[in-house]
$ cat query_33.pdb   # PDB, C-alpha atoms, pLDDT in the B column
MODEL        1
ATOM      1  CA  MET W  16     126.647-288.071  -8.250  1.00 58.00           C
ATOM      2  CA  ALA W  17     125.941-284.799 -10.045  1.00 62.00           C
ATOM      3  CA  THR W  18     125.598-281.546  -8.107  1.00 59.00           C
ATOM      4  CA  PRO W  19     122.028-280.229  -8.197  1.00 61.00           C
ATOM      5  CA  PRO W  20     121.736-276.967 -10.166  1.00 66.00           C
ATOM      6  CA  ASN W  21     120.882-273.588  -8.665  1.00 68.00           C
ATOM      7  CA  LEU W  22     122.153-274.200  -5.155  1.00 60.00           C
ATOM      8  CA  PRO W  23     122.873-270.938  -3.369  1.00 61.00           C
ATOM      9  CA  THR W  24     126.505-270.193  -2.684  1.00 61.00           C
ATOM     10  CA  PRO W  25     127.016-269.107   0.908  1.00 59.00           C
ATOM     11  CA  SER W  26     128.594-265.704   1.362  1.00 61.00           C
ATOM     12  CA  SER W  27     132.062-265.745   2.788  1.00 79.00           C
ATOM     13  CA  ASN W  28     132.814-263.679   5.845  1.00 89.00           C
ATOM     14  CA  PRO W  29     135.422-260.930   5.565  1.00 92.00           C
ATOM     15  CA  ASP W  30     138.515-261.318   7.733  1.00 91.00           C
ATOM     16  CA  ASP W  31     137.514-258.674  10.273  1.00 94.00           C
ATOM     17  CA  ASP W  32     137.810-258.098  14.022  1.00 95.00           C
ATOM     18  CA  THR W  33     134.240-257.846  15.320  1.00 96.00           C
ATOM     19  CA  GLU W  34     135.406-256.263  18.581  1.00 97.00           C
ATOM     20  CA  SER W  35     136.683-253.251  16.613  1.00 97.00           C
ATOM     21  CA  TYR W  36     133.058-252.159  16.083  1.00 98.00           C
ATOM     22  CA  VAL W  37     132.153-251.967  19.771  1.00 98.00           C
ATOM     23  CA  GLY W  38     131.891-248.339  20.868  1.00 98.00           C
ATOM     24  CA  LEU W  39     131.439-246.910  17.374  1.00 98.00           C
ATOM     25  CA  ALA W  40     128.420-244.841  16.397  1.00 98.00           C
ATOM     26  CA  ALA W  41     125.933-247.165  14.673  1.00 98.00           C
ATOM     27  CA  ALA W  42     126.079-245.327  11.326  1.00 97.00           C
ATOM     28  CA  ASP W  43     129.895-245.341  11.329  1.00 98.00           C
ATOM     29  CA  ALA W  44     129.985-249.038  12.200  1.00 98.00           C
ATOM     30  CA  GLU W  45     127.592-249.893   9.370  1.00 97.00           C
ATOM     31  CA  GLU W  46     129.596-247.860   6.865  1.00 97.00           C
ATOM     32  CA  ARG W  47     132.832-249.532   7.993  1.00 97.00           C
ATOM     33  CA  ALA W  48     131.282-253.014   7.808  1.00 97.00           C
ATOM     34  CA  ARG W  49     129.977-252.523   4.276  1.00 96.00           C
ATOM     35  CA  GLY W  50     133.348-251.089   3.228  1.00 96.00           C
ATOM     36  CA  ARG W  51     135.068-254.202   4.564  1.00 96.00           C
ATOM     37  CA  GLY W  52     132.843-256.491   2.518  1.00 95.00           C
ATOM     38  CA  TRP W  53     129.948-257.537   4.771  1.00 96.00           C
ATOM     39  CA  THR W  54     126.946-258.142   2.520  1.00 94.00           C
ATOM     40  CA  THR W  55     124.340-257.730   5.274  1.00 95.00           C
ATOM     41  CA  VAL W  56     124.559-255.523   8.350  1.00 96.00           C
ATOM     42  CA  ARG W  57     121.833-255.791  10.980  1.00 95.00           C
ATOM     43  CA  SER W  58     121.400-253.365  13.903  1.00 95.00           C
ATOM     44  CA  LEU W  59     119.282-254.539  16.824  1.00 96.00           C
ATOM     45  CA  PRO W  60     118.164-253.002  20.107  1.00 96.00           C
ATOM     46  CA  PRO W  61     119.291-254.672  23.356  1.00 96.00           C
ATOM     47  CA  GLY W  62     117.230-257.759  24.157  1.00 94.00           C
ATOM     48  CA  ALA W  63     115.737-258.052  20.664  1.00 94.00           C
ATOM     49  CA  VAL W  64     114.178-261.402  19.864  1.00 93.00           C
ATOM     50  CA  ILE W  65     115.857-262.773  16.736  1.00 91.00           C
ATOM     51  CA  THR W  66     116.044-266.044  14.866  1.00 85.00           C
ATOM     52  CA  MET W  67     119.246-267.988  15.372  1.00 82.00           C
ATOM     53  CA  GLU W  68     119.901-269.115  11.796  1.00 89.00           C
ATOM     54  CA  PHE W  69     123.442-268.464  10.662  1.00 90.00           C
ATOM     55  CA  MET W  70     123.704-266.298   7.585  1.00 91.00           C
ATOM     56  CA  GLY W  71     127.137-266.069   5.989  1.00 90.00           C
ATOM     57  CA  GLY W  72     128.268-262.554   5.180  1.00 94.00           C
ATOM     58  CA  ARG W  73     126.033-260.984   7.853  1.00 95.00           C
ATOM     59  CA  LEU W  74     127.323-258.813  10.692  1.00 96.00           C
ATOM     60  CA  ASN W  75     125.015-258.111  13.633  1.00 97.00           C
ATOM     61  CA  PHE W  76     125.196-255.166  16.001  1.00 97.00           C
ATOM     62  CA  THR W  77     123.444-254.535  19.274  1.00 98.00           C
ATOM     63  CA  VAL W  78     122.955-250.774  19.404  1.00 98.00           C
ATOM     64  CA  GLN W  79     122.103-248.784  22.513  1.00 98.00           C
ATOM     65  CA  ASP W  80     121.997-244.982  22.672  1.00 97.00           C
ATOM     66  CA  GLY W  81     123.332-244.831  19.114  1.00 97.00           C
ATOM     67  CA  ARG W  82     126.485-246.872  19.858  1.00 98.00           C
ATOM     68  CA  VAL W  83     127.428-250.468  19.113  1.00 98.00           C
ATOM     69  CA  THR W  84     127.609-252.432  22.375  1.00 98.00           C
ATOM     70  CA  ARG W  85     128.009-255.917  20.862  1.00 97.00           C
ATOM     71  CA  CYS W  86     128.967-257.319  17.480  1.00 98.00           C
ATOM     72  CA  TRP W  87     128.831-260.865  16.087  1.00 96.00           C
ATOM     73  CA  VAL W  88     128.920-262.751  12.813  1.00 95.00           C
ATOM     74  CA  GLY W  89     125.989-264.610  11.298  1.00 92.00           C
TER      75      GLY W  89
ENDMDL
END
$ encode --input "query_33.pdb" --output "structure tokens"
Amino acid sequence: MATPPNLPTPSSNPDDDTESYVGLAAADAEERARGRGWTTVRSLPPGAVITMEFMGGRLNFTVQDGRVTRCWVG
């Protein structure tokens, strides 16, 4: 069976420790994440309502008072 053309290639996730972002200033965390190869970086306030689809190459931050309090992939 032939592979259909034009299928999107999922982004790979950099080998990175997500816990290393907790406590950083949001701007510093975003700069570090992009430098380590994350294609999408999303900062969210605590309790934000978000969709749960997994997106390869995306790093999510919960940011409160300008600091990352939680970090996860997808």
$ closest_residue --input "query_33.pdb" --among "W:Cys86, W:Met70, W:Val56, W:Ala63" --to "Ala42 (chain W)" --atoms "all atoms listed in the file"
W:Val56
$ residues_around --input "query_33.pdb" --residues "Met67 (chain W)" --least-positions-apart "4" --cutoff "12 Å" --atoms "all atoms listed in the file" --output "MDAnalysis selection string"
chainID W and resid 63 75 87:89
$ closest_residue --input "query_33.pdb" --among "W:Asn28, W:Thr66, W:Thr77, W:Thr84" --to "Arg49 (chain W)" --atoms "only C-alpha atoms"
W:Asn28
$ resolve_selection --input "query_33.pdb" --expression "the PyMOL selection byres ((chain W and resi 30) around 10)" --output "PyMOL selection string"
chain W and resi 27-29+31-33+51-53
$ closest_residue --input "query_33.pdb" --among "W:Thr55, W:Glu46, W:Leu39, W:Glu34" --to "Asp80 (chain W)" --atoms "all atoms listed in the file"
W:Leu39
$ atom_distance --input "query_33.pdb" --atom1 "CA of Asp43 (chain W)" --atom2 "CA of Leu74 (chain W)"
13.7 Å
$ atom_distance --input "query_33.pdb" --atom1 "CA of Leu59 (chain W)" --atom2 "CA of Arg47 (chain W)"
16.9 Å
$ decode --input "query_33.pdb" --residues "region 18-64 of chain W" --atoms "N, CA and C atoms" --output "short mmCIF file (atom, residue, chain, number, x, y, z; two decimals), in the first residue's frame"
data_model
loop_
_atom_site.label_atom_id
_atom_site.label_comp_id
_atom_site.auth_asym_id
_atom_site.auth_seq_id
_atom_site.Cartn_x
_atom_site.Cartn_y
_atom_site.Cartn_z
N THR W 18 2.06 5.12 0.55
CA THR W 18 1.84 6.15 1.57
C THR W 18 1.19 7.35 0.91
N PRO W 19 0.10 7.85 1.48
CA PRO W 19 -0.55 9.04 0.90
C PRO W 19 0.41 10.23 0.92
N PRO W 20 0.39 11.06 -0.10
CA PRO W 20 1.28 12.22 -0.15
C PRO W 20 0.83 13.32 0.82
N ASN W 21 1.75 14.19 1.13
CA ASN W 21 1.48 15.41 1.91
C ASN W 21 0.98 15.17 3.33
N LEU W 22 1.38 14.07 3.94
CA LEU W 22 1.04 13.88 5.34
C LEU W 22 2.00 14.70 6.19
N PRO W 23 1.50 15.37 7.20
CA PRO W 23 2.40 16.16 8.04
C PRO W 23 3.33 15.25 8.84
N THR W 24 4.54 15.70 9.00
CA THR W 24 5.51 14.97 9.81
C THR W 24 5.48 15.56 11.22
N PRO W 25 5.18 14.73 12.22
CA PRO W 25 5.13 15.27 13.57
C PRO W 25 6.50 15.78 14.01
N SER W 26 6.49 16.86 14.75
CA SER W 26 7.73 17.41 15.29
C SER W 26 8.24 16.47 16.37
N SER W 27 9.54 16.32 16.41
CA SER W 27 10.11 15.53 17.50
C SER W 27 10.32 16.44 18.70
N ASN W 28 10.34 15.85 19.86
CA ASN W 28 10.54 16.62 21.08
C ASN W 28 12.02 16.60 21.45
N PRO W 29 12.60 17.75 21.76
CA PRO W 29 13.98 17.77 22.21
C PRO W 29 14.15 16.95 23.49
N ASP W 30 15.31 16.41 23.69
CA ASP W 30 15.64 15.69 24.92
C ASP W 30 15.93 16.77 25.97
N ASP W 31 14.95 17.05 26.81
CA ASP W 31 15.03 18.20 27.72
C ASP W 31 14.32 17.85 29.02
N ASP W 32 14.81 18.36 30.12
CA ASP W 32 14.20 18.15 31.43
C ASP W 32 13.19 19.26 31.69
N THR W 33 11.90 18.93 31.62
CA THR W 33 10.88 19.96 31.78
C THR W 33 10.90 20.59 33.17
N GLU W 34 11.32 19.86 34.17
CA GLU W 34 11.37 20.41 35.53
C GLU W 34 12.40 21.54 35.66
N SER W 35 13.37 21.58 34.74
CA SER W 35 14.41 22.62 34.82
C SER W 35 13.86 24.01 34.53
N TYR W 36 12.64 24.09 33.98
CA TYR W 36 12.03 25.38 33.67
C TYR W 36 11.26 25.98 34.85
N VAL W 37 10.86 25.13 35.78
CA VAL W 37 10.06 25.59 36.92
C VAL W 37 10.90 26.54 37.77
N GLY W 38 10.32 27.72 38.04
CA GLY W 38 11.00 28.74 38.82
C GLY W 38 11.66 29.82 37.98
N LEU W 39 11.84 29.57 36.69
CA LEU W 39 12.45 30.58 35.83
C LEU W 39 11.47 31.69 35.50
N ALA W 40 11.99 32.88 35.21
CA ALA W 40 11.16 33.95 34.68
C ALA W 40 10.61 33.48 33.34
N ALA W 41 9.37 33.82 33.03
CA ALA W 41 8.70 33.33 31.82
C ALA W 41 9.50 33.64 30.56
N ALA W 42 10.02 34.85 30.43
CA ALA W 42 10.78 35.22 29.23
C ALA W 42 12.06 34.40 29.11
N ASP W 43 12.73 34.16 30.23
CA ASP W 43 13.96 33.35 30.21
C ASP W 43 13.65 31.91 29.85
N ALA W 44 12.55 31.39 30.38
CA ALA W 44 12.16 30.01 30.08
C ALA W 44 11.84 29.85 28.60
N GLU W 45 11.13 30.81 28.02
CA GLU W 45 10.79 30.73 26.61
C GLU W 45 12.05 30.79 25.75
N GLU W 46 12.96 31.68 26.09
CA GLU W 46 14.21 31.79 25.33
C GLU W 46 15.00 30.49 25.41
N ARG W 47 15.08 29.91 26.60
CA ARG W 47 15.80 28.65 26.78
C ARG W 47 15.15 27.54 25.95
N ALA W 48 13.82 27.46 26.02
CA ALA W 48 13.10 26.40 25.29
C ALA W 48 13.33 26.50 23.79
N ARG W 49 13.24 27.68 23.24
CA ARG W 49 13.46 27.85 21.80
C ARG W 49 14.91 27.51 21.43
N GLY W 50 15.83 27.88 22.31
CA GLY W 50 17.25 27.56 22.07
C GLY W 50 17.53 26.08 22.12
N ARG W 51 16.71 25.34 22.84
CA ARG W 51 16.89 23.88 22.95
C ARG W 51 16.11 23.12 21.88
N GLY W 52 15.41 23.85 21.01
CA GLY W 52 14.78 23.20 19.87
C GLY W 52 13.28 23.02 19.91
N TRP W 53 12.60 23.55 20.92
CA TRP W 53 11.13 23.46 20.94
C TRP W 53 10.58 24.37 19.86
N THR W 54 9.68 23.84 19.03
CA THR W 54 9.16 24.64 17.91
C THR W 54 8.02 25.54 18.34
N THR W 55 7.29 25.15 19.38
CA THR W 55 6.19 25.96 19.91
C THR W 55 6.32 26.03 21.42
N VAL W 56 6.20 27.23 21.96
CA VAL W 56 6.23 27.44 23.40
C VAL W 56 4.97 28.19 23.77
N ARG W 57 4.21 27.64 24.71
CA ARG W 57 2.92 28.25 25.07
C ARG W 57 2.92 28.55 26.57
N SER W 58 2.67 29.82 26.92
CA SER W 58 2.56 30.24 28.31
C SER W 58 1.10 30.46 28.65
N LEU W 59 0.67 29.90 29.77
CA LEU W 59 -0.74 29.94 30.18
C LEU W 59 -0.86 30.39 31.62
N PRO W 60 -1.93 31.10 31.94
CA PRO W 60 -2.17 31.46 33.34
C PRO W 60 -2.68 30.24 34.10
N PRO W 61 -2.56 30.22 35.43
CA PRO W 61 -3.08 29.11 36.22
C PRO W 61 -4.57 28.91 35.95
N GLY W 62 -4.98 27.66 35.81
CA GLY W 62 -6.39 27.35 35.62
C GLY W 62 -6.93 27.62 34.24
N ALA W 63 -6.06 27.92 33.27
CA ALA W 63 -6.53 28.20 31.91
C ALA W 63 -7.23 26.97 31.33
N VAL W 64 -8.28 27.21 30.59
CA VAL W 64 -8.97 26.14 29.89
C VAL W 64 -8.28 25.97 28.54
#
